[in-house]
>>> print(open('entry-v8.cif').read())   # mmCIF, C-alpha atoms
data_input
loop_
_atom_site.group_PDB
_atom_site.id
_atom_site.type_symbol
_atom_site.label_atom_id
_atom_site.label_comp_id
_atom_site.auth_asym_id
_atom_site.auth_seq_id
_atom_site.Cartn_x
_atom_site.Cartn_y
_atom_site.Cartn_z
ATOM 1 C CA MET V 1 127.059 95.565 100.943
ATOM 2 C CA MET V 2 127.411 93.044 103.774
ATOM 3 C CA ILE V 3 127.906 94.276 107.345
ATOM 4 C CA PRO V 4 129.024 92.014 110.255
ATOM 5 C CA LEU V 5 125.981 91.285 112.386
ATOM 6 C CA ARG V 6 127.748 92.324 115.612
ATOM 7 C CA LEU V 7 127.897 95.873 114.233
ATOM 8 C CA MET V 8 124.154 95.773 113.607
ATOM 9 C CA LEU V 9 123.133 94.735 117.140
ATOM 10 C CA PRO V 10 122.057 98.279 118.118
ATOM 11 C CA VAL V 11 119.808 98.308 115.055
ATOM 12 C CA LEU V 12 118.269 94.955 115.969
ATOM 13 C CA VAL V 13 117.640 96.217 119.504
ATOM 14 C CA PHE V 14 115.885 99.183 117.893
ATOM 15 C CA PHE V 15 113.744 96.709 115.922
ATOM 16 C CA CYS V 16 112.426 95.338 119.196
ATOM 17 C CA ALA V 17 111.383 98.785 120.459
ATOM 18 C CA VAL V 18 109.509 99.773 117.312
ATOM 19 C CA PRO V 19 105.874 99.365 118.506
ATOM 20 C CA ALA V 20 106.695 101.361 121.636
ATOM 21 C CA LYS V 21 106.797 104.467 119.442
ATOM 22 C CA ALA V 22 104.242 103.191 116.888
ATOM 23 C CA HIS V 23 106.783 103.232 114.076
ATOM 24 C CA GLU V 24 105.668 102.047 110.671
ATOM 25 C CA PHE V 25 107.734 99.404 108.938
ATOM 26 C CA TRP V 26 107.637 98.839 105.188
ATOM 27 C CA LEU V 27 109.315 97.500 102.055
ATOM 28 C CA GLN V 28 110.368 99.825 99.251
ATOM 29 C CA ALA V 29 111.786 98.950 95.821
ATOM 30 C CA GLN V 30 113.828 101.111 93.462
ATOM 31 C CA PRO V 31 112.823 101.378 90.743
ATOM 32 C CA SER V 32 109.210 100.389 91.410
ATOM 33 C CA ASN V 33 108.421 99.944 87.703
ATOM 34 C CA PRO V 34 111.542 98.382 86.149
ATOM 35 C CA PRO V 35 111.721 96.719 82.730
ATOM 36 C CA ALA V 36 111.439 92.937 82.398
ATOM 37 C CA ARG V 37 114.611 90.873 82.710
ATOM 38 C CA SER V 38 116.143 93.468 85.019
ATOM 39 C CA ALA V 39 116.689 93.969 88.749
ATOM 40 C CA ALA V 40 115.503 96.233 91.555
ATOM 41 C CA GLU V 41 116.944 97.123 94.953
ATOM 42 C CA LEU V 42 114.678 96.254 97.879
ATOM 43 C CA THR V 43 115.074 98.066 101.201
ATOM 44 C CA ILE V 44 113.425 97.777 104.610
ATOM 45 C CA GLN V 45 112.292 101.125 105.995
ATOM 46 C CA VAL V 46 111.216 102.070 109.507
ATOM 47 C CA GLY V 47 110.019 105.433 110.753
ATOM 48 C CA GLN V 48 107.149 107.738 111.554
ATOM 49 C CA TYR V 49 104.911 109.713 109.201
ATOM 50 C CA PHE V 50 106.203 107.733 106.186
ATOM 51 C CA GLU V 51 109.739 109.091 106.713
ATOM 52 C CA GLY V 52 111.992 106.054 106.942
ATOM 53 C CA ASP V 53 115.489 104.922 107.829
ATOM 54 C CA LYS V 54 116.944 101.859 106.145
ATOM 55 C CA LEU V 55 117.290 98.668 108.150
ATOM 56 C CA PRO V 56 119.251 95.537 107.218
ATOM 57 C CA PHE V 57 118.260 92.201 105.767
ATOM 58 C CA THR V 58 119.359 89.426 108.138
ATOM 59 C CA SER V 59 117.957 86.047 109.122
ATOM 60 C CA ALA V 60 118.328 87.146 112.750
ATOM 61 C CA TYR V 61 115.185 89.199 112.159
ATOM 62 C CA ILE V 62 113.570 87.877 108.959
ATOM 63 C CA VAL V 63 111.840 84.490 109.083
ATOM 64 C CA ALA V 64 110.347 84.485 105.553
ATOM 65 C CA LEU V 65 110.950 86.351 102.286
ATOM 66 C CA ARG V 66 108.978 85.335 99.200
ATOM 67 C CA GLN V 67 108.463 86.596 95.660
ATOM 68 C CA TYR V 68 105.175 86.019 93.801
ATOM 69 C CA ALA V 69 105.096 86.592 90.036
ATOM 70 C CA CYS V 70 103.497 85.117 86.910
ATOM 71 C CA GLY V 71 101.688 82.369 88.810
ATOM 72 C CA GLU V 72 104.787 81.182 90.659
ATOM 73 C CA GLN V 73 106.189 81.584 94.164
ATOM 74 C CA GLN V 74 109.915 81.767 94.933
ATOM 75 C CA ASP V 75 111.425 81.395 98.400
ATOM 76 C CA LEU V 76 114.203 84.003 98.781
ATOM 77 C CA MET V 77 115.370 83.100 102.310
ATOM 78 C CA SER V 78 118.448 81.269 101.031
ATOM 79 C CA ARG V 79 119.760 84.678 99.947
ATOM 80 C CA VAL V 80 119.128 86.349 103.313
ATOM 81 C CA PRO V 81 122.437 86.114 105.203
ATOM 82 C CA ALA V 82 123.093 84.896 108.739
ATOM 83 C CA GLY V 83 125.915 86.442 110.759
ATOM 84 C CA VAL V 84 126.048 89.453 108.451
ATOM 85 C CA ALA V 85 123.462 91.970 107.272
ATOM 86 C CA LEU V 86 122.587 93.312 103.830
ATOM 87 C CA GLY V 87 121.837 97.003 103.482
ATOM 88 C CA GLN V 88 119.652 96.248 100.470
ATOM 89 C CA PHE V 89 118.391 93.133 98.715
ATOM 90 C CA LYS V 90 118.765 92.715 94.952
ATOM 91 C CA LEU V 91 115.619 91.378 93.294
ATOM 92 C CA GLN V 92 115.843 89.524 89.994
ATOM 93 C CA LEU V 93 112.794 90.350 87.888
ATOM 94 C CA GLY V 94 112.313 87.885 85.074
ATOM 95 C CA CYS V 95 108.808 87.839 83.625
ATOM 96 C CA ALA V 96 106.696 90.865 82.775
ATOM 97 C CA GLY V 97 103.779 91.578 85.095
ATOM 98 C CA THR V 98 103.282 92.344 88.778
ATOM 99 C CA HIS V 99 105.838 91.096 91.294
ATOM 100 C CA LEU V 100 104.672 90.808 94.909
ATOM 101 C CA ILE V 101 107.355 90.629 97.610
ATOM 102 C CA ALA V 102 106.319 89.454 101.098
ATOM 103 C CA LEU V 103 108.466 89.594 104.253
ATOM 104 C CA ASP V 104 107.680 88.160 107.701
ATOM 105 C CA SER V 105 109.669 88.873 110.853
ATOM 106 C CA HIS V 106 110.551 86.695 113.803
ATOM 107 C CA PRO V 107 108.522 87.559 116.924
ATOM 108 C CA SER V 108 109.968 90.224 119.230
ATOM 109 C CA LEU V 109 109.037 91.194 122.776
ATOM 110 C CA VAL V 110 108.261 94.623 124.197
ATOM 111 C CA THR V 111 106.753 95.796 127.498
ATOM 112 C CA LEU V 112 105.125 99.211 127.918
ATOM 113 C CA PRO V 113 103.831 101.018 131.005
ATOM 114 C CA ALA V 114 100.049 100.780 131.297
ATOM 115 C CA ASP V 115 99.361 104.369 130.216
ATOM 116 C CA LYS V 116 101.609 104.185 127.149
ATOM 117 C CA PHE V 117 100.213 100.785 126.224
ATOM 118 C CA SER V 118 96.636 102.096 126.361
ATOM 119 C CA ALA V 119 97.561 105.164 124.295
ATOM 120 C CA TYR V 120 99.250 102.999 121.674
ATOM 121 C CA LEU V 121 96.238 100.653 121.524
ATOM 122 C CA HIS V 122 93.900 103.597 120.976
ATOM 123 C CA ASP V 123 96.116 105.077 118.243
ATOM 124 C CA GLU V 124 96.060 101.770 116.352
ATOM 125 C CA GLY V 125 92.291 101.296 116.668
ATOM 126 C CA LEU V 126 92.622 98.490 119.209
ATOM 127 C CA ASP V 127 90.080 99.802 121.701
ATOM 128 C CA ASP V 128 88.665 96.284 121.989
ATOM 129 C CA ILE V 129 91.900 95.263 123.728
ATOM 130 C CA ILE V 130 91.604 98.245 126.090
ATOM 131 C CA LYS V 131 88.100 97.069 127.044
ATOM 132 C CA ARG V 132 89.307 93.492 127.550
ATOM 133 C CA ARG V 133 92.079 94.682 129.872
ATOM 134 C CA GLU V 134 89.559 96.762 131.815
ATOM 135 C CA ALA V 135 87.137 93.830 132.056
ATOM 136 C CA THR V 136 89.819 91.529 133.474
ATOM 137 C CA GLY V 137 91.206 94.113 135.900
ATOM 138 C CA ASP V 138 94.492 94.399 134.006
ATOM 139 C CA ALA V 139 94.185 98.017 132.821
ATOM 140 C CA ALA V 140 96.790 99.261 135.328
ATOM 141 C CA LYS V 141 99.298 96.529 134.480
ATOM 142 C CA PRO V 142 102.152 96.954 131.976
ATOM 143 C CA GLY V 143 101.392 95.795 128.454
ATOM 144 C CA ARG V 144 103.523 92.752 127.629
ATOM 145 C CA GLU V 145 103.450 92.225 123.887
ATOM 146 C CA ARG V 146 104.976 89.856 121.338
ATOM 147 C CA PHE V 147 104.861 91.429 117.881
ATOM 148 C CA ARG V 148 105.461 90.300 114.310
ATOM 149 C CA ARG V 149 105.650 92.107 110.977
ATOM 150 C CA ASN V 150 103.826 90.910 107.835
ATOM 151 C CA ILE V 151 104.783 93.373 105.089
ATOM 152 C CA LYS V 152 104.457 93.429 101.292
ATOM 153 C CA THR V 153 105.333 95.574 98.295
ATOM 154 C CA LEU V 154 104.211 95.525 94.649
ATOM 155 C CA LEU V 155 106.342 96.181 91.571
ATOM 156 C CA ALA V 156 104.937 96.692 88.069
ATOM 157 C CA ILE V 157 106.713 95.405 84.952
ATOM 158 C CA ASN V 158 104.545 96.618 82.040
ATOM 159 C CA ALA V 159 100.813 95.914 81.807
ATOM 160 C CA LYS V 160 100.811 92.142 81.460
ATOM 161 C CA ASN V 161 100.084 89.351 83.938
ATOM 162 C CA LYS V 162 98.678 91.472 86.757
ATOM 163 C CA ALA V 163 97.263 88.497 88.689
ATOM 164 C CA SER V 164 99.965 88.727 91.393
ATOM 165 C CA THR V 165 98.438 92.007 92.613
ATOM 166 C CA THR V 166 95.518 90.169 94.235
ATOM 167 C CA THR V 167 97.519 87.133 95.390
ATOM 168 C CA GLN V 168 96.959 85.947 98.949
ATOM 169 C CA THR V 169 100.293 85.156 100.561
ATOM 170 C CA ALA V 170 101.101 82.773 103.414
ATOM 171 C CA GLN V 171 101.245 85.725 105.810
ATOM 172 C CA ARG V 172 99.067 85.588 108.891
ATOM 173 C CA LEU V 173 97.894 89.216 108.534
ATOM 174 C CA GLN V 174 97.633 90.801 105.096
ATOM 175 C CA ILE V 175 96.013 93.607 103.135
ATOM 176 C CA VAL V 176 94.933 92.230 99.746
ATOM 177 C CA PRO V 177 93.931 94.454 96.798
ATOM 178 C CA ALA V 178 90.644 93.418 95.188
ATOM 179 C CA GLN V 179 91.852 94.693 91.817
ATOM 180 C CA ASP V 180 95.076 95.811 90.149
ATOM 181 C CA THR V 181 96.208 98.831 92.147
ATOM 182 C CA LEU V 182 99.086 99.661 89.826
ATOM 183 C CA THR V 183 96.990 100.719 86.835
ATOM 184 C CA GLN V 184 94.274 102.647 88.684
ATOM 185 C CA ALA V 185 94.074 106.427 88.372
ATOM 186 C CA PRO V 186 94.072 108.814 91.343
ATOM 187 C CA GLY V 187 90.529 109.416 92.561
ATOM 188 C CA ALA V 188 89.272 105.978 91.552
ATOM 189 C CA ALA V 189 87.571 103.856 94.208
ATOM 190 C CA MET V 190 90.121 101.174 95.115
ATOM 191 C CA ARG V 191 88.977 98.134 97.063
ATOM 192 C CA PHE V 192 91.003 96.067 99.534
ATOM 193 C CA GLN V 193 90.381 93.291 102.049
ATOM 194 C CA VAL V 194 92.071 92.617 105.381
ATOM 195 C CA LEU V 195 92.639 88.930 106.131
ATOM 196 C CA PHE V 196 93.841 87.231 109.303
ATOM 197 C CA GLU V 197 94.701 83.550 109.029
ATOM 198 C CA GLY V 198 93.032 83.592 105.618
ATOM 199 C CA LYS V 199 89.690 84.869 106.944
ATOM 200 C CA PRO V 200 88.134 88.351 106.612
ATOM 201 C CA LEU V 201 89.060 90.602 109.538
ATOM 202 C CA PRO V 202 86.270 93.075 110.418
ATOM 203 C CA ASN V 203 86.425 96.442 112.155
ATOM 204 C CA ARG V 204 90.174 97.026 111.912
ATOM 205 C CA LEU V 205 91.644 100.489 111.480
ATOM 206 C CA VAL V 206 93.520 100.761 108.181
ATOM 207 C CA LYS V 207 95.723 103.780 107.490
ATOM 208 C CA ALA V 208 96.831 105.044 104.073
ATOM 209 C CA TRP V 209 100.036 107.106 104.011
ATOM 210 C CA TYR V 210 101.407 109.434 101.334
ATOM 211 C CA LYS V 211 104.380 111.810 101.444
ATOM 212 C CA HIS V 212 105.009 114.824 99.200
ATOM 213 C CA ASP V 213 107.354 117.798 99.647
ATOM 214 C CA GLY V 214 107.931 117.000 103.309
ATOM 215 C CA GLN V 215 104.225 116.766 104.112
ATOM 216 C CA THR V 216 102.520 113.506 105.090
ATOM 217 C CA LEU V 217 98.913 112.802 104.178
ATOM 218 C CA LEU V 218 97.153 110.224 106.366
ATOM 219 C CA ILE V 219 93.741 108.757 105.500
ATOM 220 C CA ARG V 220 91.933 106.436 107.928
ATOM 221 C CA THR V 221 89.125 103.956 107.418
ATOM 222 C CA HIS V 222 87.857 100.707 108.977
ATOM 223 C CA SER V 223 87.258 97.320 107.430
ATOM 224 C CA ASP V 224 83.602 96.280 107.246
ATOM 225 C CA ALA V 225 82.042 93.004 108.426
ATOM 226 C CA GLY V 226 83.647 91.215 105.469
ATOM 227 C CA GLY V 227 87.075 92.725 106.089
ATOM 228 C CA LYS V 228 86.598 94.987 103.049
ATOM 229 C CA LEU V 229 87.395 98.677 102.656
ATOM 230 C CA VAL V 230 87.630 101.342 99.965
ATOM 231 C CA PHE V 231 90.133 104.155 99.503
ATOM 232 C CA ASN V 232 90.042 107.035 97.012
ATOM 233 C CA PHE V 233 93.694 108.003 96.701
ATOM 234 C CA PRO V 234 93.930 111.620 95.509
ATOM 235 C CA TYR V 235 97.512 111.511 94.216
ATOM 236 C CA ALA V 236 99.845 109.357 92.151
ATOM 237 C CA GLY V 237 103.078 108.001 93.581
ATOM 238 C CA LEU V 238 104.090 105.778 96.494
ATOM 239 C CA TRP V 239 101.329 104.818 98.954
ATOM 240 C CA MET V 240 101.524 102.710 102.098
ATOM 241 C CA LEU V 241 98.636 100.917 103.814
ATOM 242 C CA SER V 242 99.014 99.683 107.395
ATOM 243 C CA VAL V 243 96.911 97.701 109.859
ATOM 244 C CA VAL V 244 97.483 96.202 113.334
ATOM 245 C CA HIS V 245 95.670 93.231 114.870
ATOM 246 C CA MET V 246 96.085 91.875 118.392
ATOM 247 C CA ILE V 247 95.016 88.648 120.101
ATOM 248 C CA ALA V 248 95.706 86.998 123.448
ATOM 249 C CA ALA V 249 99.143 85.388 123.483
ATOM 250 C CA THR V 250 99.448 81.618 123.762
ATOM 251 C CA GLU V 251 102.285 79.217 124.535
ATOM 252 C CA THR V 252 104.456 81.865 126.194
ATOM 253 C CA ALA V 253 104.985 83.168 129.723
ATOM 254 C CA GLU V 254 106.752 86.298 128.447
ATOM 255 C CA ALA V 255 103.826 88.087 126.793
ATOM 256 C CA ASP V 256 100.100 88.552 127.309
ATOM 257 C CA TRP V 257 99.319 89.753 123.780
ATOM 258 C CA ASP V 258 100.344 88.826 120.252
ATOM 259 C CA SER V 259 100.244 91.663 117.737
ATOM 260 C CA TYR V 260 100.558 91.464 113.961
ATOM 261 C CA TRP V 261 101.537 94.490 111.890
ATOM 262 C CA GLY V 262 100.419 94.288 108.265
ATOM 263 C CA ASN V 263 101.694 96.643 105.585
ATOM 264 C CA LEU V 264 101.397 97.079 101.808
ATOM 265 C CA THR V 265 103.264 99.564 99.593
ATOM 266 C CA PHE V 266 102.701 100.288 95.910
ATOM 267 C CA ASP V 267 103.091 103.039 93.301
ATOM 268 C CA LEU V 268 99.903 104.544 91.932
ATOM 269 C CA ALA V 269 100.194 105.626 88.304
ATOM 270 C CA GLY V 270 98.990 109.002 87.080
ATOM 271 C CA ARG V 271 99.864 112.577 87.954
ATOM 272 C CA SER V 272 101.518 113.653 91.195
ATOM 273 C CA PRO V 273 100.580 116.850 93.103
ATOM 274 C CA ALA V 274 103.528 118.646 91.465
ATOM 275 C CA GLY V 275 102.211 117.712 88.022
ATOM 276 C CA ARG V 276 104.895 115.123 87.315
ATOM 277 C CA THR V 277 103.474 112.124 85.499
ATOM 278 C CA GLN V 278 103.944 108.737 87.174
ATOM 279 C CA SER V 279 103.887 105.590 85.081
ATOM 280 C CA SER V 280 103.740 101.891 85.796
ATOM 281 C CA ASN V 281 104.954 101.130 82.285
#
>>> encode(input="entry-v8.cif", output="structure tokens")
Amino acid sequence: MMIPLRLMLPVLVFFCAVPAKAHEFWLQAQPSNPPARSAAELTIQVGQYFEGDKLPFTSAYIVALRQYACGEQQDLMSRVPAGVALGQFKLQLGCAGTHLIALDSHPSLVTLPADKFSAYLHDEGLDDIIKRREATGDAAKPGRERFRRNIKTLLAINAKNKASTTTQTAQRLQIVPAQDTLTQAPGAAMRFQVLFEGKPLPNRLVKAWYKHDGQTLLIRTHSDAGGKLVFNFPYAGLWMLSVVHMIAATETAEADWDSYWGNLTFDLAGRSPAGRTQSSN
């Protein structure tokens, strides 16, 4: 369904306020394990505690949308409308294997009072930025931030051609699985790496989110010196990983800091807490 963009302006304004409330922002596909030669509906979700509201697909907000599958990359931006907004995006899924969808946003600006900015930095594991602001005498100043989203989701189409799972995209910040996440069992040690500009990003807080029966499970860890980390996910079903990185802003007079919000969603096969078997076909 296409919606005139003028009717979506309040939503786009909400986009720009997202980091102020530390909202997560992710991609979700239904179904997440479709058959080959079929389609899936992709939605953008935003919310807290892995409880999301749908947001539209529009080139006013999205700068890049790519699909990686079977050794090929497809640019999907020609299908992202301008002037109108799509409530969901229909993905064509040709070959069997893992399909990786990557979305990047345009930069947006937000300014927070000093106390709220410091609290947000601490919540996202960015205490190094707090120390830098203190060292430069800026701790009492408002936090002027320019933020971007680098988000991904994985879809499984039977057990073949899983190479796309570990693909490095063109995104500036990304969480990359070190092995196929879609065929691992709950409880297995699953390895990931955080990259910024293609290089390992050490000592970043990475959160793993899971929702079941109205309850949200949150697991935290930090990347090591090589940007690597390990999670042991206890349950099957939809998981979300998130990470935030911040650097000094350049080439702008409107912001002092550039932040990048990385996100990865995927379905873990196996048995859910309720005993319902999940499958990645």
>>> residues_around(input="entry-v8.cif", residues="range 214-225 of chain V", least_positions_apart="5", cutoff="7 Å", atoms="all atoms listed in the file", output="PyMOL selection string")
chain V and resi 49-50+202-209
>>> resolve_selection(input="entry-v8.cif", expression="the PyMOL selection byres ((chain V and resi 244) around 7)", output="PDB file with C-alpha atoms, keeping the file's coordinate frame")
ATOM      1  CA  GLU V 124      96.060 101.770 116.352  1.00  0.00           C
ATOM      2  CA  VAL V 243      96.911  97.701 109.859  1.00  0.00           C
ATOM      3  CA  HIS V 245      95.670  93.231 114.870  1.00  0.00           C
ATOM      4  CA  MET V 246      96.085  91.875 118.392  1.00  0.00           C
ATOM      5  CA  SER V 259     100.244  91.663 117.737  1.00  0.00           C
ATOM      6  CA  TYR V 260     100.558  91.464 113.961  1.00  0.00           C
ATOM      7  CA  TRP V 261     101.537  94.490 111.890  1.00  0.00           C
ATOM      8  CA  GLY V 262     100.419  94.288 108.265  1.00  0.00           C
TER       9      GLY V 262
END
>>> atom_distance(input="entry-v8.cif", atom1="CA of Pro186 in chain V", atom2="CA of Cys95 in chain V")
26.8 Å
>>> resolve_selection(input="entry-v8.cif", expression="the PyMOL selection byres ((chain V and resi 120) around 12)", output="PyMOL selection string")
chain V and resi 18-23+111-119+121-127+129-130+143+145+244
>>> closest_residue(input="entry-v8.cif", among="V:Gly187, V:Gly83, V:Pro142, V:Pro200", to="Val230 in chain V", atoms="only C-alpha atoms")
V:Gly187
>>> resolve_selection(input="entry-v8.cif", expression="the PyMOL selection byres ((chain V and resi 248-257) around 6)", output="list in words")
Arg144, Glu145, Arg146, Ile247 and Asp258 of chain V
>>> residues_near_point(input="entry-v8.cif", point="(104.8, 85.4, 96.3)", cutoff="7 Å", atoms="all atoms listed in the file", output="PyMOL selection string")
chain V and resi 66-69+73-74+100-102+169
>>> atom_distance(input="entry-v8.cif", atom1="CA of Gly227 in chain V", atom2="CA of Glu197 in chain V")
12.3 Å
